[in-house]
$ cat query-v9.tsv   # TSV, C-alpha atoms
chain	number	residue	atom	x	y	z
A	821	MET	CA	112.08	-40.83	-13.39
A	822	LEU	CA	108.51	-42.24	-13.48
A	823	PHE	CA	109.89	-45.80	-13.80
A	824	ARG	CA	112.16	-45.16	-10.81
A	825	ILE	CA	109.23	-43.93	-8.68
A	826	ILE	CA	107.17	-47.00	-9.61
A	827	LEU	CA	110.03	-49.26	-8.52
A	828	LEU	CA	110.23	-47.47	-5.16
A	829	VAL	CA	106.53	-47.94	-4.52
A	830	LEU	CA	106.56	-51.59	-5.60
A	831	ALA	CA	109.52	-52.32	-3.33
A	832	LEU	CA	107.59	-51.03	-0.34
A	833	MET	CA	104.42	-52.92	-1.33
A	834	ILE	CA	106.32	-56.22	-1.50
A	835	MET	CA	107.28	-55.83	2.16
A	836	LEU	CA	103.63	-55.56	3.23
A	837	PRO	CA	101.64	-58.56	4.55
A	838	SER	CA	99.17	-59.93	2.03
A	839	SER	CA	96.09	-60.09	4.26
A	840	GLY	CA	93.56	-57.25	4.20
A	841	PHE	CA	92.89	-57.16	7.95
A	842	ALA	CA	94.96	-58.37	10.90
A	843	GLN	CA	95.88	-57.46	14.45
A	844	PRO	CA	98.95	-55.16	14.31
A	845	ALA	CA	102.21	-56.12	15.98
A	846	ASP	CA	103.74	-53.76	18.54
A	847	ASP	CA	106.27	-52.46	15.99
A	848	GLU	CA	103.86	-52.50	13.02
A	849	PHE	CA	104.17	-48.76	12.51
A	850	GLY	CA	107.88	-48.24	13.11
A	851	LYS	CA	110.21	-47.40	15.95
A	852	TRP	CA	108.87	-43.99	16.95
A	853	PRO	CA	106.55	-43.97	19.99
A	854	PHE	CA	103.17	-42.22	19.83
A	855	PRO	CA	100.91	-41.19	22.72
A	856	GLY	CA	97.76	-43.14	23.55
A	857	SER	CA	95.75	-39.91	23.67
A	858	VAL	CA	96.25	-36.15	23.40
A	859	ASP	CA	94.58	-33.03	24.77
A	860	GLU	CA	91.09	-32.16	23.59
A	861	LEU	CA	90.76	-29.50	20.91
A	862	PRO	CA	89.41	-26.12	22.04
A	863	GLU	CA	85.61	-25.88	21.98
A	864	THR	CA	85.76	-23.34	19.14
A	865	LEU	CA	87.46	-25.90	16.84
A	866	ARG	CA	84.99	-28.77	17.30
A	867	PRO	CA	82.45	-30.06	14.73
A	868	GLY	CA	79.34	-27.93	14.36
A	869	GLN	CA	81.04	-24.68	15.36
A	870	ALA	CA	81.77	-21.83	12.94
A	871	PHE	CA	85.46	-21.75	12.08
A	872	ASN	CA	86.92	-18.29	12.67
A	873	GLY	CA	90.59	-19.21	12.78
A	874	TYR	CA	92.81	-20.63	15.50
A	875	PRO	CA	93.37	-19.27	19.01
A	876	ASN	CA	96.59	-17.30	19.33
A	877	ARG	CA	99.66	-19.29	20.35
A	878	GLN	CA	103.12	-18.09	21.30
A	879	ARG	CA	105.60	-18.40	18.45
A	880	ALA	CA	108.52	-20.81	18.88
A	881	ILE	CA	111.78	-20.79	16.89
A	882	ASP	CA	114.08	-23.79	16.77
A	883	TRP	CA	117.06	-24.51	14.51
A	884	MET	CA	118.14	-27.91	13.17
A	885	SER	CA	121.15	-28.88	11.08
A	886	ILE	CA	120.29	-30.99	8.02
A	887	PRO	CA	122.19	-32.81	5.26
A	888	PHE	CA	122.62	-30.83	2.06
A	889	TRP	CA	120.44	-33.19	0.00
A	890	LEU	CA	117.34	-32.14	2.01
A	891	ALA	CA	117.91	-28.40	1.56
A	892	GLY	CA	115.63	-26.61	-0.90
A	893	ASP	CA	111.95	-26.39	-1.77
A	894	TRP	CA	109.98	-29.58	-2.46
A	895	MET	CA	106.61	-30.51	-3.93
A	896	SER	CA	104.50	-33.67	-3.91
A	897	GLY	CA	101.07	-34.15	-5.49
A	898	ASP	CA	100.10	-37.69	-4.52
A	899	LEU	CA	100.02	-39.67	-1.29
A	900	ARG	CA	100.27	-43.47	-1.18
A	901	ILE	CA	98.72	-44.90	2.01
A	902	MET	CA	100.47	-48.22	2.54
A	903	LYS	CA	98.52	-49.43	5.60
A	904	SER	CA	96.27	-48.10	8.32
A	905	TYR	CA	94.97	-49.22	11.70
A	906	ASP	CA	91.46	-48.36	12.89
A	907	HIS	CA	91.73	-47.98	16.67
A	908	VAL	CA	87.95	-47.80	17.15
A	909	ASN	CA	87.17	-51.07	15.36
A	910	ASP	CA	90.54	-52.80	15.95
A	911	LYS	CA	91.21	-53.37	12.23
A	912	LEU	CA	94.47	-53.27	10.27
A	913	GLN	CA	94.11	-52.49	6.57
A	914	THR	CA	97.12	-53.49	4.45
A	915	ILE	CA	95.74	-52.87	0.96
A	916	PRO	CA	97.55	-49.77	-0.39
A	917	THR	CA	95.47	-46.85	-1.67
A	918	SER	CA	96.40	-43.60	-3.40
A	919	THR	CA	94.95	-40.13	-3.08
A	920	THR	CA	95.67	-36.66	-4.44
A	921	ALA	CA	97.02	-34.54	-1.59
A	922	PRO	CA	99.44	-31.84	-2.77
A	923	ILE	CA	101.93	-30.41	-0.28
A	924	ALA	CA	104.98	-28.15	-0.43
A	925	ASP	CA	107.93	-28.28	1.98
A	926	HIS	CA	110.87	-25.96	2.59
A	927	PHE	CA	114.13	-26.94	4.28
A	928	GLY	CA	117.35	-24.96	4.72
A	929	ASP	CA	117.70	-21.28	5.59
A	930	GLN	CA	121.33	-20.58	6.54
A	931	VAL	CA	124.84	-22.09	6.60
A	932	ASP	CA	127.35	-21.92	9.43
A	933	LYS	CA	131.11	-21.33	9.26
A	934	GLN	CA	131.69	-24.98	8.26
A	935	ASN	CA	129.04	-24.75	5.48
A	936	THR	CA	126.61	-27.00	7.39
A	937	VAL	CA	123.03	-26.21	6.36
A	938	TRP	CA	120.61	-25.10	9.09
A	939	SER	CA	116.82	-25.02	8.83
A	940	CYS	CA	114.64	-22.80	11.00
A	941	ASN	CA	111.49	-24.41	12.45
A	942	ILE	CA	108.97	-21.63	13.08
A	943	THR	CA	105.75	-22.68	14.78
A	944	PRO	CA	102.84	-22.31	14.76
A	945	PHE	CA	102.08	-21.98	11.06
A	946	VAL	CA	98.96	-22.57	8.96
A	947	SER	CA	98.61	-24.37	5.63
A	948	ASN	CA	95.41	-25.11	3.70
A	949	MET	CA	94.36	-27.96	1.43
A	950	LYS	CA	91.21	-28.09	-0.75
A	951	LEU	CA	89.24	-31.35	-0.41
A	952	ASP	CA	86.24	-31.41	-2.80
A	953	ASN	CA	83.65	-29.22	-1.03
A	954	LEU	CA	85.71	-28.88	2.16
A	955	MET	CA	88.78	-26.92	3.19
A	956	ASP	CA	91.35	-28.65	5.39
A	957	SER	CA	93.01	-25.97	7.50
A	958	GLN	CA	96.13	-27.31	9.19
A	959	LEU	CA	97.87	-25.62	12.12
A	960	THR	CA	101.30	-27.07	12.90
A	961	ILE	CA	101.84	-26.34	16.59
A	962	GLY	CA	105.06	-28.29	17.17
A	963	MET	CA	108.05	-29.48	15.16
A	964	LYS	CA	111.22	-31.25	16.31
A	965	LEU	CA	114.16	-33.02	14.69
A	966	LEU	CA	114.39	-36.64	15.86
A	967	GLU	CA	117.32	-37.90	13.80
A	968	ALA	CA	119.58	-36.64	11.01
A	969	ASN	CA	122.47	-38.20	9.09
A	970	ASP	CA	123.64	-38.60	5.50
A	971	GLU	CA	121.15	-41.42	4.89
A	972	GLY	CA	118.00	-39.97	6.39
A	973	VAL	CA	116.20	-37.33	8.45
A	974	ALA	CA	113.29	-37.96	10.85
A	975	LEU	CA	111.05	-35.03	11.76
A	976	TRP	CA	108.21	-34.95	14.35
A	977	GLN	CA	105.19	-32.66	14.02
A	978	ARG	CA	101.89	-32.12	15.82
A	979	VAL	CA	99.13	-30.69	13.62
A	980	TYR	CA	95.57	-29.52	14.23
A	981	HIS	CA	93.17	-30.19	11.33
A	982	VAL	CA	89.89	-28.32	10.88
A	983	LEU	CA	87.72	-29.41	7.94
A	984	TYR	CA	85.04	-26.83	7.20
A	985	TYR	CA	82.39	-26.02	4.57
A	986	PRO	CA	82.26	-22.83	2.46
A	987	ASN	CA	79.84	-21.37	5.05
A	988	SER	CA	82.60	-21.87	7.68
A	989	GLN	CA	80.75	-24.60	9.60
A	990	ILE	CA	83.20	-27.21	10.91
A	991	HIS	CA	82.56	-30.68	9.51
A	992	ASP	CA	85.35	-32.47	11.39
A	993	SER	CA	88.43	-31.64	13.45
A	994	TYR	CA	91.27	-33.72	14.84
A	995	THR	CA	94.88	-33.76	15.95
A	996	GLU	CA	97.63	-35.48	13.94
A	997	GLU	CA	100.88	-36.67	15.50
A	998	ARG	CA	103.31	-37.22	12.60
A	999	VAL	CA	106.82	-38.57	12.08
A	1000	THR	CA	108.22	-38.16	8.56
A	1001	GLU	CA	111.39	-39.95	7.52
A	1002	PHE	CA	113.09	-38.38	4.49
A	1003	SER	CA	115.70	-40.18	2.40
A	1004	PRO	CA	117.56	-39.18	-0.79
A	1005	GLN	CA	116.65	-40.93	-4.02
A	1006	GLY	CA	118.90	-39.14	-6.48
A	1007	PRO	CA	119.37	-35.56	-7.73
A	1008	GLY	CA	116.23	-33.51	-7.08
A	1009	LEU	CA	114.28	-36.45	-5.66
A	1010	ILE	CA	113.53	-37.56	-2.09
A	1011	MET	CA	111.20	-40.11	-0.54
A	1012	ALA	CA	109.09	-39.18	2.48
A	1013	GLN	CA	107.77	-42.09	4.55
A	1014	CYS	CA	105.24	-40.82	7.05
A	1015	THR	CA	103.71	-42.43	10.13
A	1016	SER	CA	100.70	-40.52	11.46
A	1017	LYS	CA	98.41	-41.13	14.41
A	1018	PHE	CA	95.10	-39.27	14.32
A	1019	PHE	CA	93.06	-38.31	17.38
A	1020	ASP	CA	89.46	-37.08	17.36
A	1021	SER	CA	88.44	-33.68	18.75
A	1022	MET	CA	88.22	-35.19	22.25
A	1023	GLY	CA	91.81	-36.46	22.03
A	1024	GLU	CA	91.02	-40.18	21.59
A	1025	ALA	CA	92.97	-42.31	19.08
A	1026	ARG	CA	91.14	-42.80	15.78
A	1027	THR	CA	93.57	-44.09	13.14
A	1028	THR	CA	97.29	-44.77	12.60
A	1029	THR	CA	98.66	-44.81	9.05
A	1030	ASN	CA	101.89	-45.44	7.15
A	1031	SER	CA	102.14	-43.47	3.92
A	1032	LEU	CA	104.64	-42.66	1.19
A	1033	ARG	CA	105.38	-39.62	-0.91
A	1034	ILE	CA	107.85	-39.03	-3.70
A	1035	MET	CA	108.92	-35.38	-3.62
A	1036	ASN	CA	110.52	-33.37	-6.42
A	1037	GLN	CA	112.76	-30.38	-5.79
A	1038	THR	CA	111.21	-27.17	-7.14
A	1039	LYS	CA	113.91	-24.77	-5.96
A	1040	LYS	CA	117.53	-25.33	-5.02
A	1041	PHE	CA	118.84	-24.22	-1.64
A	1042	ARG	CA	120.06	-20.70	-1.15
A	1043	PRO	CA	120.59	-18.93	2.20
A	1044	LEU	CA	117.74	-16.60	3.12
A	1045	GLY	CA	117.96	-13.35	5.02
A	1046	GLN	CA	114.38	-13.38	6.30
A	1047	ARG	CA	111.38	-15.71	6.53
A	1048	ALA	CA	108.11	-15.21	8.40
A	1049	GLY	CA	109.47	-11.96	9.79
A	1050	ILE	CA	112.55	-13.63	11.33
A	1051	ASN	CA	116.04	-12.19	10.78
A	1052	LEU	CA	117.56	-15.58	9.98
A	1053	PRO	CA	121.32	-14.79	10.18
A	1054	ALA	CA	120.85	-13.09	13.56
A	1055	SER	CA	118.56	-15.86	14.84
A	1056	LEU	CA	121.01	-18.62	13.88
A	1057	SER	CA	123.88	-16.71	15.51
A	1058	GLU	CA	121.84	-16.45	18.73
A	1059	HIS	CA	121.07	-20.18	18.60
A	1060	LEU	CA	124.70	-21.19	18.07
A	1061	GLN	CA	125.88	-18.89	20.84
A	1062	ALA	CA	123.19	-20.15	23.24
A	1063	THR	CA	124.05	-23.80	22.56
A	1064	GLY	CA	127.80	-23.39	23.09
A	1065	ARG	CA	128.75	-23.46	19.40
A	1066	GLY	CA	129.72	-19.85	18.94
A	1067	GLU	CA	132.77	-20.88	16.89
A	1068	LEU	CA	130.35	-21.86	14.06
A	1069	ILE	CA	128.89	-18.37	13.71
A	1070	PRO	CA	129.71	-17.11	10.16
$ encode --input "query-v9.tsv" --output "structure tokens"
Amino acid sequence: MLFRIILLVLALMIMLPSSGFAQPADDEFGKWPFPGSVDELPETLRPGQAFNGYPNRQRAIDWMSIPFWLAGDWMSGDLRIMKSYDHVNDKLQTIPTSTTAPIADHFGDQVDKQNTVWSCNITPFVSNMKLDNLMDSQLTIGMKLLEANDEGVALWQRVYHVLYYPNSQIHDSYTEERVTEFSPQGPGLIMAQCTSKFFDSMGEARTTTNSLRIMNQTKKFRPLGQRAGINLPASLSEHLQATGRGELIP
């Protein structure tokens, strides 16, 4: 499996331009459009403030149908940054770098009458990542399916990041607009190619990156009755009925 992962990474590296810095082309970072700027972060989440959690937001529930190969629980430990563009200094870096950045993902909660797998997107939700002497608290405030077929799935997310010290003082904070494209690579293995645009606390563009993860399945799919306090069978039935697909209700 390790040899297979190395081949995947090398194949992507070969497609990169050889220069270290260059002006990016319009389609340098893929086909998905990103905004030029976003809203400012709340004052309480900006650098120098004490981090006491996120302001309350109304919960949103959205269902998406996914191919069976994406269903299950997934884990990745390392992130390969293939290229990045510095908006402030107008620089494109095409020398790949690697970093340790563990994440876990879950897809697939229910099946309909035709055995199509459905995944429930529940936002907002918080995840945390330890970075040396800092904690990266991430609040995902939006999630939407862009594309799904047997060959790949594209998922959009908007995420607030707050990096703070053990004394709770905020070191940095920013907004990430992210599109992740998942593709199957064999039993228990998927590749996640991610394009992210980062905006500073005032909503101005800072950096755009292309990155790659190889994710291993840690748990196979099984329908769930409840997650995050949501009655999943009832919620899916409501969604199917509301979208004119009541015939798919199990």
$ closest_residue --input "query-v9.tsv" --among "A:Gln1046, A:Leu1056, A:Ser947, A:Pro862" --to "Thr995 (chain A)" --atoms "all atoms listed in the file"
A:Pro862
$ closest_residue --input "query-v9.tsv" --among "A:His1059, A:Lys903, A:Arg1033, A:Lys964" --to "Val999 (chain A)" --atoms "all atoms listed in the file"
A:Lys964
$ residues_around --input "query-v9.tsv" --residues "Lys933 (chain A)" --least-positions-apart "6" --cutoff "12 Å" --atoms "only C-alpha atoms" --output "VMD selection string"
chain A and resid 1053 1056 to 1057 1060 1065 to 1070
$ write_last_selection --input "query-v9.tsv" --atoms "C-alpha atoms" --output "mmCIF file, keeping the file's coordinate frame"
data_model
loop_
_atom_site.group_PDB
_atom_site.id
_atom_site.type_symbol
_atom_site.label_atom_id
_atom_site.label_comp_id
_atom_site.auth_asym_id
_atom_site.auth_seq_id
_atom_site.Cartn_x
_atom_site.Cartn_y
_atom_site.Cartn_z
ATOM 1 C CA PRO A 1053 121.320 -14.790 10.180
ATOM 2 C CA LEU A 1056 121.010 -18.620 13.880
ATOM 3 C CA SER A 1057 123.880 -16.710 15.510
ATOM 4 C CA LEU A 1060 124.700 -21.190 18.070
ATOM 5 C CA ARG A 1065 128.750 -23.460 19.400
ATOM 6 C CA GLY A 1066 129.720 -19.850 18.940
ATOM 7 C CA GLU A 1067 132.770 -20.880 16.890
ATOM 8 C CA LEU A 1068 130.350 -21.860 14.060
ATOM 9 C CA ILE A 1069 128.890 -18.370 13.710
ATOM 10 C CA PRO A 1070 129.710 -17.110 10.160
#
$ closest_residue --input "query-v9.tsv" --among "A:Pro916, A:Gly892, A:Gly897, A:Gly1008" --to "Asn1030 (chain A)" --atoms "only C-alpha atoms"
A:Pro916
$ closest_residue --input "query-v9.tsv" --among "A:Ser993, A:Gln1013, A:Gln934, A:Ser885" --to "Ala968 (chain A)" --atoms "only C-alpha atoms"
A:Ser885
$ residues_near_point --input "query-v9.tsv" --point "(83.1, -28.8, 4.5)" --cutoff "12 Å" --atoms "all atoms listed in the file" --output "list of chain:residue names"
A:Pro867, A:Gly868, A:Gln869, A:Ala870, A:Phe871, A:Met949, A:Lys950, A:Leu951, A:Asp952, A:Asn953, A:Leu954, A:Met955, A:Asp956, A:Ser957, A:Val982, A:Leu983, A:Tyr984, A:Tyr985, A:Pro986, A:Asn987, A:Ser988, A:Gln989, A:Ile990, A:His991, A:Asp992, A:Ser993
$ closest_residue --input "query-v9.tsv" --among "A:Val931, A:Val858, A:Met1011, A:Ile886" --to "Leu1052 (chain A)" --atoms "only C-alpha atoms"
A:Val931
$ atom_distance --input "query-v9.tsv" --atom1 "CA of Phe849 (chain A)" --atom2 "CA of Arg866 (chain A)"
28.1 Å
$ build_atoms --input "query-v9.tsv" --residues "region 960-984 of chain A" --atoms "N, CA, C and O atoms" --output "PDB file, in the frame of the given file"
ATOM      1  N   THR A 960     100.184 -26.322  12.318  1.00  0.00           N
ATOM      2  CA  THR A 960     101.300 -27.070  12.900  1.00  0.00           C
ATOM      3  C   THR A 960     101.737 -26.338  14.161  1.00  0.00           C
ATOM      4  O   THR A 960     102.224 -25.206  14.105  1.00  0.00           O
ATOM      5  N   ILE A 961     101.552 -26.997  15.316  1.00  0.00           N
ATOM      6  CA  ILE A 961     101.840 -26.340  16.590  1.00  0.00           C
ATOM      7  C   ILE A 961     103.180 -26.764  17.184  1.00  0.00           C
ATOM      8  O   ILE A 961     103.670 -26.139  18.122  1.00  0.00           O
ATOM      9  N   GLY A 962     103.777 -27.829  16.660  1.00  0.00           N
ATOM     10  CA  GLY A 962     105.060 -28.290  17.170  1.00  0.00           C
ATOM     11  C   GLY A 962     105.852 -29.004  16.105  1.00  0.00           C
ATOM     12  O   GLY A 962     105.283 -29.700  15.254  1.00  0.00           O
ATOM     13  N   MET A 963     107.170 -28.834  16.127  1.00  0.00           N
ATOM     14  CA  MET A 963     108.050 -29.480  15.160  1.00  0.00           C
ATOM     15  C   MET A 963     109.406 -29.713  15.814  1.00  0.00           C
ATOM     16  O   MET A 963     109.938 -28.819  16.477  1.00  0.00           O
ATOM     17  N   LYS A 964     109.948 -30.918  15.661  1.00  0.00           N
ATOM     18  CA  LYS A 964     111.220 -31.250  16.310  1.00  0.00           C
ATOM     19  C   LYS A 964     111.986 -32.274  15.488  1.00  0.00           C
ATOM     20  O   LYS A 964     111.413 -33.234  14.982  1.00  0.00           O
ATOM     21  N   LEU A 965     113.295 -32.064  15.368  1.00  0.00           N
ATOM     22  CA  LEU A 965     114.160 -33.020  14.690  1.00  0.00           C
ATOM     23  C   LEU A 965     114.394 -34.217  15.605  1.00  0.00           C
ATOM     24  O   LEU A 965     114.779 -34.062  16.763  1.00  0.00           O
ATOM     25  N   LEU A 966     114.156 -35.422  15.098  1.00  0.00           N
ATOM     26  CA  LEU A 966     114.390 -36.640  15.860  1.00  0.00           C
ATOM     27  C   LEU A 966     115.725 -37.285  15.523  1.00  0.00           C
ATOM     28  O   LEU A 966     116.390 -37.850  16.398  1.00  0.00           O
ATOM     29  N   GLU A 967     116.110 -37.202  14.254  1.00  0.00           N
ATOM     30  CA  GLU A 967     117.320 -37.900  13.800  1.00  0.00           C
ATOM     31  C   GLU A 967     117.764 -37.293  12.482  1.00  0.00           C
ATOM     32  O   GLU A 967     116.924 -36.935  11.643  1.00  0.00           O
ATOM     33  N   ALA A 968     119.079 -37.170  12.282  1.00  0.00           N
ATOM     34  CA  ALA A 968     119.580 -36.640  11.010  1.00  0.00           C
ATOM     35  C   ALA A 968     120.969 -37.191  10.740  1.00  0.00           C
ATOM     36  O   ALA A 968     121.846 -37.142  11.602  1.00  0.00           O
ATOM     37  N   ASN A 969     121.167 -37.757   9.555  1.00  0.00           N
ATOM     38  CA  ASN A 969     122.470 -38.200   9.090  1.00  0.00           C
ATOM     39  C   ASN A 969     122.467 -38.180   7.569  1.00  0.00           C
ATOM     40  O   ASN A 969     121.479 -37.742   6.954  1.00  0.00           O
ATOM     41  N   ASP A 970     123.538 -38.648   6.961  1.00  0.00           N
ATOM     42  CA  ASP A 970     123.640 -38.600   5.500  1.00  0.00           C
ATOM     43  C   ASP A 970     122.606 -39.471   4.801  1.00  0.00           C
ATOM     44  O   ASP A 970     122.272 -39.238   3.644  1.00  0.00           O
ATOM     45  N   GLU A 971     122.098 -40.487   5.505  1.00  0.00           N
ATOM     46  CA  GLU A 971     121.150 -41.420   4.890  1.00  0.00           C
ATOM     47  C   GLU A 971     119.689 -41.049   5.095  1.00  0.00           C
ATOM     48  O   GLU A 971     118.824 -41.470   4.340  1.00  0.00           O
ATOM     49  N   GLY A 972     119.394 -40.265   6.133  1.00  0.00           N
ATOM     50  CA  GLY A 972     118.000 -39.970   6.390  1.00  0.00           C
ATOM     51  C   GLY A 972     117.797 -38.915   7.463  1.00  0.00           C
ATOM     52  O   GLY A 972     118.680 -38.629   8.268  1.00  0.00           O
ATOM     53  N   VAL A 973     116.603 -38.327   7.466  1.00  0.00           N
ATOM     54  CA  VAL A 973     116.200 -37.330   8.450  1.00  0.00           C
ATOM     55  C   VAL A 973     114.799 -37.688   8.935  1.00  0.00           C
ATOM     56  O   VAL A 973     113.901 -37.970   8.127  1.00  0.00           O
ATOM     57  N   ALA A 974     114.600 -37.702  10.259  1.00  0.00           N
ATOM     58  CA  ALA A 974     113.290 -37.960  10.850  1.00  0.00           C
ATOM     59  C   ALA A 974     112.816 -36.703  11.560  1.00  0.00           C
ATOM     60  O   ALA A 974     113.535 -36.135  12.386  1.00  0.00           O
ATOM     61  N   LEU A 975     111.595 -36.279  11.238  1.00  0.00           N
ATOM     62  CA  LEU A 975     111.050 -35.030  11.760  1.00  0.00           C
ATOM     63  C   LEU A 975     109.687 -35.292  12.388  1.00  0.00           C
ATOM     64  O   LEU A 975     108.805 -35.895  11.765  1.00  0.00           O
ATOM     65  N   TRP A 976     109.497 -34.823  13.641  1.00  0.00           N
ATOM     66  CA  TRP A 976     108.210 -34.950  14.350  1.00  0.00           C
ATOM     67  C   TRP A 976     107.415 -33.661  14.225  1.00  0.00           C
ATOM     68  O   TRP A 976     107.975 -32.568  14.278  1.00  0.00           O
ATOM     69  N   GLN A 977     106.087 -33.816  14.052  1.00  0.00           N
ATOM     70  CA  GLN A 977     105.190 -32.660  14.020  1.00  0.00           C
ATOM     71  C   GLN A 977     103.879 -33.005  14.722  1.00  0.00           C
ATOM     72  O   GLN A 977     103.436 -34.164  14.709  1.00  0.00           O
ATOM     73  N   ARG A 978     103.268 -31.993  15.327  1.00  0.00           N
ATOM     74  CA  ARG A 978     101.890 -32.120  15.820  1.00  0.00           C
ATOM     75  C   ARG A 978     101.057 -31.078  15.097  1.00  0.00           C
ATOM     76  O   ARG A 978     101.416 -29.899  15.061  1.00  0.00           O
ATOM     77  N   VAL A 979      99.925 -31.531  14.514  1.00  0.00           N
ATOM     78  CA  VAL A 979      99.130 -30.690  13.620  1.00  0.00           C
ATOM     79  C   VAL A 979      97.656 -30.753  14.010  1.00  0.00           C
ATOM     80  O   VAL A 979      97.107 -31.843  14.212  1.00  0.00           O
ATOM     81  N   TYR A 980      97.020 -29.589  14.101  1.00  0.00           N
ATOM     82  CA  TYR A 980      95.570 -29.520  14.230  1.00  0.00           C
ATOM     83  C   TYR A 980      94.960 -29.454  12.830  1.00  0.00           C
ATOM     84  O   TYR A 980      95.441 -28.689  11.980  1.00  0.00           O
ATOM     85  N   HIS A 981      93.917 -30.248  12.594  1.00  0.00           N
ATOM     86  CA  HIS A 981      93.170 -30.190  11.330  1.00  0.00           C
ATOM     87  C   HIS A 981      91.755 -29.713  11.614  1.00  0.00           C
ATOM     88  O   HIS A 981      91.090 -30.240  12.517  1.00  0.00           O
ATOM     89  N   VAL A 982      91.287 -28.747  10.835  1.00  0.00           N
ATOM     90  CA  VAL A 982      89.890 -28.320  10.880  1.00  0.00           C
ATOM     91  C   VAL A 982      89.345 -28.390   9.464  1.00  0.00           C
ATOM     92  O   VAL A 982      89.817 -27.681   8.569  1.00  0.00           O
ATOM     93  N   LEU A 983      88.360 -29.273   9.240  1.00  0.00           N
ATOM     94  CA  LEU A 983      87.720 -29.410   7.940  1.00  0.00           C
ATOM     95  C   LEU A 983      86.387 -28.669   7.987  1.00  0.00           C
ATOM     96  O   LEU A 983      85.514 -29.002   8.794  1.00  0.00           O
ATOM     97  N   TYR A 984      86.248 -27.659   7.126  1.00  0.00           N
ATOM     98  CA  TYR A 984      85.040 -26.830   7.200  1.00  0.00           C
ATOM     99  C   TYR A 984      84.456 -26.578   5.800  1.00  0.00           C
ATOM    100  O   TYR A 984      85.139 -26.635   4.787  1.00  0.00           O
TER     101      TYR A 984
END
